[in-house]
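*Asks:* Just dropping this structure here.
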Amino acid sequence: MGAARATATLKDATAIAGIGQTSFAKRLPESEKTLACRAILAALDDAGIAPSEVDAFASYTMEETDEVEVAKAIGAGDVTFFGKVGYGGGGSCATVAHLAAAIATGQASVGVAWRSRKRGSGPRPWTNTQVQLPTPAQWTRPYGLLRPADEIGLLARRYMHEYGATRDHFFHVALACRNRANQNPAAMMYDRPLTREMYMTARWISEPLCLFDNCLETDGALACVVVSAERARDCRHRPVYVHSAAQGLPAQAHGMVNYWNDDPLTGPSWTAARRLWKTADFGPQDVDVAQIYDAFTPLIPLSLEGYGFCARGEGAAFTEGGALEIGGRLPLNTGGGGLSEAYVHGFNLITEGVRQLRGTGTAQVPGATTCLVTAGEGVPTSALLLRS
């Protein structure tokens, strides 16, 4: 019995059966609750499942619309599992993982994960000077690291110094995401191409990060429905199985800057990746398409290394030669990602991963059957391996 517990995994026991989203914009008139309910109902309709069957919810701790209000508004039945995951964008994939665990162990049968956010028209968290600084921030904000962009800018500069990364490497990331958004009518940057000249002459946000190294500020909501693998086969679309899932909080972690760690450039992705691949039937070389968290362009090369697509220090060079484009070594963020589709704390990476494995992406990778989805690098994180 003990040995059985030690080897138990979530491998292909559950599947994402439905996805839904609202429109994305800099400003939407609806409340976050209304947006959340619209996305959830769209995901349930996509799966062909009635709201009254929902008995599990998972969301972010930063979600301001709670499961009590959502359950009432959509007409859910008795709810037997609910939970929240912390650390902002680091929690995206974990919401699905927690539902998968609940369903695989019989605690629930139909789970909904969602994220609703009005960041485009809402306030900036760091502008509230009435709130006492959390302990980690007391070691960064007094020195001018006020925003996530400032903290990631510090890591980016160190990465450039140690491994020779250049702004051109970051541009490759921004361009790949923008190119995919230009193919996606739902993306905020659908009709706005990006050129190298535009990138290189853009205003600084936090040097060495320019405007196009930073994610969008978006109003919108997304959701997905998780059920057992058996149930998913009777739903409206081809099942997208949760093959492996992991969270990662490395020893001595310090959010974003990570400078209490022996090596600040070895972030939470390395911890999550070890667990993720350990319980999977395939490795990085077998991933057909990836949706990698891109709040800032330098997170992509750091994540490419952490998740094993290249060796330490080779993430920047990996981006060269169109490697992240359709037809390249690792097609990336095929809906446009946080940089060019929408930034809703990474949940759109999950839904895009589902579309790719259904074969319905606006920038479809031919024959894709495996997809890596990651949550925020630099903070306690999570990741999913999906397969069709």
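Lettering and numbering for the structure tokens are positional, with chains as A, B, ... in the shown order, residues counted from 1 in each chain, and ligands counted from 1 in the shown order.
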So which residues touch region 321-335 of chain A within 10 Å, counting only C-alpha atoms, skipping near sequence neighbours fewer than 2 positions away, as a count of residues only?
*Replies:* 54
*Asks:* Grab the CA of Ala375 (chain A) to CA of Ile74 (chain A) distance for me, in Å with one decimal place.
*Replies:*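 Taking CA of Ala375 (chain A) and CA of Ile74 (chain A), their separation equals 27.2 Å.
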*Asks:* Report as a PDB file with N, CA and C atoms, in the first residue's frame all protein, DNA and RNA residues lying within 9 Å of region 156-158 of chain A, evaluated on only C-alpha atoms, omitting residues in the same chain fewer than 2 positions from it.
*Replies:*
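Output (part.pdb):
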ATOM      1  N   GLU A 151      12.093  44.425 -10.776  1.00  0.00           N
ATOM      2  CA  GLU A 151      12.742  43.230 -10.229  1.00  0.00           C
ATOM      3  C   GLU A 151      13.227  42.302 -11.342  1.00  0.00           C
ATOM      4  N   ILE A 152      12.393  42.089 -12.352  1.00  0.00           N
ATOM      5  CA  ILE A 152      12.813  41.240 -13.473  1.00  0.00           C
ATOM      6  C   ILE A 152      13.897  41.939 -14.286  1.00  0.00           C
ATOM      7  N   GLY A 153      13.862  43.259 -14.339  1.00  0.00           N
ATOM      8  CA  GLY A 153      14.943  43.985 -15.008  1.00  0.00           C
ATOM      9  C   GLY A 153      16.289  43.706 -14.372  1.00  0.00           C
ATOM     10  N   LEU A 154      16.306  43.577 -13.050  1.00  0.00           N
ATOM     11  CA  LEU A 154      17.537  43.255 -12.339  1.00  0.00           C
ATOM     12  C   LEU A 154      18.038  41.866 -12.711  1.00  0.00           C
ATOM     13  N   MET A 160      22.166  38.881 -18.769  1.00  0.00           N
ATOM     14  CA  MET A 160      22.931  39.438 -19.882  1.00  0.00           C
ATOM     15  C   MET A 160      24.421  39.461 -19.547  1.00  0.00           C
ATOM     16  N   HIS A 161      24.750  39.819 -18.322  1.00  0.00           N
ATOM     17  CA  HIS A 161      26.147  39.904 -17.900  1.00  0.00           C
ATOM     18  C   HIS A 161      26.802  38.528 -17.854  1.00  0.00           C
ATOM     19  N   GLU A 162      26.103  37.547 -17.311  1.00  0.00           N
ATOM     20  CA  GLU A 162      26.719  36.227 -17.104  1.00  0.00           C
ATOM     21  C   GLU A 162      26.766  35.387 -18.375  1.00  0.00           C
ATOM     22  N   TYR A 163      25.745  35.511 -19.231  1.00  0.00           N
ATOM     23  CA  TYR A 163      25.642  34.579 -20.356  1.00  0.00           C
ATOM     24  C   TYR A 163      25.616  35.243 -21.728  1.00  0.00           C
ATOM     25  N   ALA A 165      23.484  37.310 -23.094  1.00  0.00           N
ATOM     26  CA  ALA A 165      22.203  37.612 -23.719  1.00  0.00           C
ATOM     27  C   ALA A 165      22.169  39.079 -24.135  1.00  0.00           C
ATOM     28  N   GLU A 207      14.997  49.667 -17.451  1.00  0.00           N
ATOM     29  CA  GLU A 207      16.147  49.216 -18.239  1.00  0.00           C
ATOM     30  C   GLU A 207      16.799  47.979 -17.605  1.00  0.00           C
ATOM     31  N   PRO A 208      17.037  46.901 -18.413  1.00  0.00           N
ATOM     32  CA  PRO A 208      17.043  46.829 -19.873  1.00  0.00           C
ATOM     33  C   PRO A 208      15.715  46.434 -20.515  1.00  0.00           C
ATOM     34  N   LEU A 209      14.601  46.559 -19.818  1.00  0.00           N
ATOM     35  CA  LEU A 209      13.306  46.185 -20.368  1.00  0.00           C
ATOM     36  C   LEU A 209      12.612  47.402 -20.969  1.00  0.00           C
ATOM     37  N   PRO A 264      20.588  33.177  -8.215  1.00  0.00           N
ATOM     38  CA  PRO A 264      19.328  33.849  -8.545  1.00  0.00           C
ATOM     39  C   PRO A 264      18.736  33.476  -9.897  1.00  0.00           C
ATOM     40  N   LEU A 265      19.573  32.998 -10.822  1.00  0.00           N
ATOM     41  CA  LEU A 265      19.078  32.647 -12.144  1.00  0.00           C
ATOM     42  C   LEU A 265      18.539  31.224 -12.221  1.00  0.00           C
ATOM     43  N   PRO A 298      12.478  38.274 -20.710  1.00  0.00           N
ATOM     44  CA  PRO A 298      13.573  37.449 -20.182  1.00  0.00           C
ATOM     45  C   PRO A 298      13.109  36.178 -19.483  1.00  0.00           C
ATOM     46  N   LEU A 299      11.841  36.104 -19.097  1.00  0.00           N
ATOM     47  CA  LEU A 299      11.360  34.884 -18.456  1.00  0.00           C
ATOM     48  C   LEU A 299      11.372  33.700 -19.405  1.00  0.00           C
TER      49      LEU A 299
END
*Asks:* Which residues are near Thr22 (chain A)? Cut-off 8 Å, only C-alpha atoms, ignore same chain within fewer than 5 positions. Put them as a list in words.
*Replies:*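 Answer for this query is Leu35, Arg38, Ala39, Gly220, Ala221 and Leu222 of chain A.
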*Asks:* So which residues touch Phe296 (chain A) within 7 Å, counting only C-alpha atoms, skipping near sequence neighbours fewer than 4 positions away, as a PyMOL selection string?
*Replies:* chain A and resi 213-215
*Asks:* Name all residues at most 7 Å from Lys11 (chain A) (count only C-alpha atoms; drop same-chain ones fewer than 5 positions away) and give them as a list of chain:residue names.
*Replies:* A:Val242, A:His243, A:Ser244
*Asks:* At most 9 Å is the cut-off: for each residue in region 166-245 of chain A with any atom that close to an atom of region 91-104 of chain A, write down the nearest atom pair and the distance in Å rounded to one decimal, counting only C-alpha atoms, chain first then increasing number, as JSON lines.
*Replies:*
{"residue": "A:Cys224", "atom": "CA", "partner": "A:Val96", "partner_atom": "CA", "distance": 8.2}
{"residue": "A:Val225", "atom": "CA", "partner": "A:Val96", "partner_atom": "CA", "distance": 8.7}
{"residue": "A:Val226", "atom": "CA", "partner": "A:Ala100", "partner_atom": "CA", "distance": 6.7}
{"residue": "A:Val227", "atom": "CA", "partner": "A:Ile103", "partner_atom": "CA", "distance": 6.7}
{"residue": "A:Ser228", "atom": "CA", "partner": "A:Ile103", "partner_atom": "CA", "distance": 6.5}
{"residue": "A:Val242", "atom": "CA", "partner": "A:Ala100", "partner_atom": "CA", "distance": 7.5}
{"residue": "A:Ser244", "atom": "CA", "partner": "A:Ala97", "partner_atom": "CA", "distance": 8.5}
{"residue": "A:Ala245", "atom": "CA", "partner": "A:Ala97", "partner_atom": "CA", "distance": 5.9}
*Asks:* For a quick check of understanding, using only C-alpha atoms, which of A:Gly164, A:Gly89, A:Pro51, A:Gly336 has the smallest distance to Thr374 (chain A)?
*Replies:* A:Gly89
*Asks:* At a cut-off of 10 Å, can you tabulate as JSON lines every residue of region 106-196 of chain A near region 57-60 of chain A together with its closest atom pair and the distance in Å to one decimal, using only C-alpha atoms and ordering rows by chain then number?
*Replies:*
{"residue": "A:Ala108", "atom": "CA", "partner": "A:Phe57", "partner_atom": "CA", "distance": 9.6}
{"residue": "A:Val110", "atom": "CA", "partner": "A:Phe57", "partner_atom": "CA", "distance": 8.7}
{"residue": "A:Gly111", "atom": "CA", "partner": "A:Phe57", "partner_atom": "CA", "distance": 5.5}
{"residue": "A:Val112", "atom": "CA", "partner": "A:Phe57", "partner_atom": "CA", "distance": 4.9}
{"residue": "A:Ala113", "atom": "CA", "partner": "A:Ala58", "partner_atom": "CA", "distance": 4.8}
{"residue": "A:Trp114", "atom": "CA", "partner": "A:Ser59", "partner_atom": "CA", "distance": 5.7}
{"residue": "A:Arg115", "atom": "CA", "partner": "A:Ser59", "partner_atom": "CA", "distance": 6.5}
{"residue": "A:Ser116", "atom": "CA", "partner": "A:Ser59", "partner_atom": "CA", "distance": 9.4}
*Asks:* According to DSSP computed on the backbone, where in region 129-240 of chain A is there strand (DSSP E)? Give the residues as a list in words.
*Replies:* Trp204, Ile205, Ser206, Leu209, Cys210, Asp219, Gly220, Ala221, Leu222, Ala223, Cys224, Val225, Val226, Val227, Ser228 and Val240 of chain A
*Asks:* Would you output that residue set with N, CA, C and O atoms, as an mmCIF file, in the first residue's frame?
*Replies:*
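Saved result, selection_12.cif, follows:
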data_model
loop_
_atom_site.group_PDB
_atom_site.id
_atom_site.type_symbol
_atom_site.label_atom_id
_atom_site.label_comp_id
_atom_site.auth_asym_id
_atom_site.auth_seq_id
_atom_site.Cartn_x
_atom_site.Cartn_y
_atom_site.Cartn_z
ATOM 1 N N TRP A 204 11.945 53.038 -22.447
ATOM 2 C CA TRP A 204 12.276 52.137 -21.349
ATOM 3 C C TRP A 204 11.117 52.079 -20.355
ATOM 4 O O TRP A 204 10.475 53.081 -20.072
ATOM 5 N N ILE A 205 10.907 50.878 -19.821
ATOM 6 C CA ILE A 205 10.010 50.713 -18.671
ATOM 7 C C ILE A 205 10.849 50.519 -17.415
ATOM 8 O O ILE A 205 10.648 51.160 -16.397
ATOM 9 N N SER A 206 11.831 49.634 -17.497
ATOM 10 C CA SER A 206 12.827 49.476 -16.441
ATOM 11 C C SER A 206 14.038 48.840 -17.100
ATOM 12 O O SER A 206 14.077 47.635 -17.329
ATOM 13 N N LEU A 209 14.601 46.559 -19.818
ATOM 14 C CA LEU A 209 13.306 46.185 -20.368
ATOM 15 C C LEU A 209 12.612 47.402 -20.969
ATOM 16 O O LEU A 209 12.349 48.388 -20.277
ATOM 17 N N CYS A 210 12.301 47.302 -22.254
ATOM 18 C CA CYS A 210 11.579 48.374 -22.920
ATOM 19 C C CYS A 210 10.083 48.053 -22.938
ATOM 20 O O CYS A 210 9.639 47.033 -22.400
ATOM 21 N N ASP A 219 -8.245 43.903 -19.323
ATOM 22 C CA ASP A 219 -9.497 43.507 -18.689
ATOM 23 C C ASP A 219 -9.996 42.261 -19.417
ATOM 24 O O ASP A 219 -10.008 42.216 -20.663
ATOM 25 N N GLY A 220 -10.439 41.257 -18.650
ATOM 26 C CA GLY A 220 -10.967 40.053 -19.282
ATOM 27 C C GLY A 220 -11.010 38.896 -18.316
ATOM 28 O O GLY A 220 -10.539 38.997 -17.171
ATOM 29 N N ALA A 221 -11.581 37.794 -18.758
ATOM 30 C CA ALA A 221 -11.693 36.595 -17.925
ATOM 31 C C ALA A 221 -11.616 35.356 -18.793
ATOM 32 O O ALA A 221 -12.000 35.378 -19.970
ATOM 33 N N LEU A 222 -11.108 34.274 -18.186
ATOM 34 C CA LEU A 222 -11.024 32.976 -18.844
ATOM 35 C C LEU A 222 -11.384 31.889 -17.852
ATOM 36 O O LEU A 222 -11.297 32.083 -16.642
ATOM 37 N N ALA A 223 -11.769 30.712 -18.379
ATOM 38 C CA ALA A 223 -12.119 29.590 -17.518
ATOM 39 C C ALA A 223 -11.919 28.284 -18.258
ATOM 40 O O ALA A 223 -11.877 28.258 -19.498
ATOM 41 N N CYS A 224 -11.786 27.210 -17.505
ATOM 42 C CA CYS A 224 -11.767 25.882 -18.098
ATOM 43 C C CYS A 224 -12.494 24.905 -17.191
ATOM 44 O O CYS A 224 -12.659 25.144 -15.990
ATOM 45 N N VAL A 225 -12.943 23.807 -17.773
ATOM 46 C CA VAL A 225 -13.698 22.766 -17.072
ATOM 47 C C VAL A 225 -12.874 21.493 -17.059
ATOM 48 O O VAL A 225 -12.385 21.049 -18.117
ATOM 49 N N VAL A 226 -12.696 20.917 -15.877
ATOM 50 C CA VAL A 226 -11.925 19.691 -15.707
ATOM 51 C C VAL A 226 -12.846 18.579 -15.235
ATOM 52 O O VAL A 226 -13.630 18.760 -14.293
ATOM 53 N N VAL A 227 -12.762 17.425 -15.903
ATOM 54 C CA VAL A 227 -13.562 16.253 -15.540
ATOM 55 C C VAL A 227 -12.675 15.017 -15.630
ATOM 56 O O VAL A 227 -11.516 15.092 -16.043
ATOM 57 N N SER A 228 -13.214 13.865 -15.275
ATOM 58 C CA SER A 228 -12.456 12.626 -15.411
ATOM 59 C C SER A 228 -12.210 12.332 -16.882
ATOM 60 O O SER A 228 -12.955 12.789 -17.760
ATOM 61 N N VAL A 240 -8.491 16.841 -23.808
ATOM 62 C CA VAL A 240 -7.100 17.244 -23.645
ATOM 63 C C VAL A 240 -6.700 16.817 -22.241
ATOM 64 O O VAL A 240 -7.147 17.390 -21.249
#
*Asks:* By how many Å are CA of Ala280 (chain A) and CA of Thr360 (chain A) apart?
*Replies:* 24.7 Å
*Asks:* Which value, in Å to one decimal, gives the distance between CA of Thr370 (chain A) and CA of Ala229 (chain A)?
*Replies:*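 Calculated distance between CA of Thr370 (chain A) and CA of Ala229 (chain A) is 16.3 Å.
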*Asks:* With DSSP run on the backbone, what are the helix (DSSP H, G or I) residues within region 158-365 of chain A? I'd like them as an MDAnalysis selection string.
*Replies:* chainID A and resid 158:163 167:181 196:200 211:213 229:232 268:278 284:286 299:306 315:318 320:322 337:340 347:358
*Asks:* Go through A:Val257, A:Ala272, A:Ile19, A:Ala25 and flag the residue nearest Ala43 (chain A), using only C-alpha atoms for the distances.
*Replies:* A:Ile19
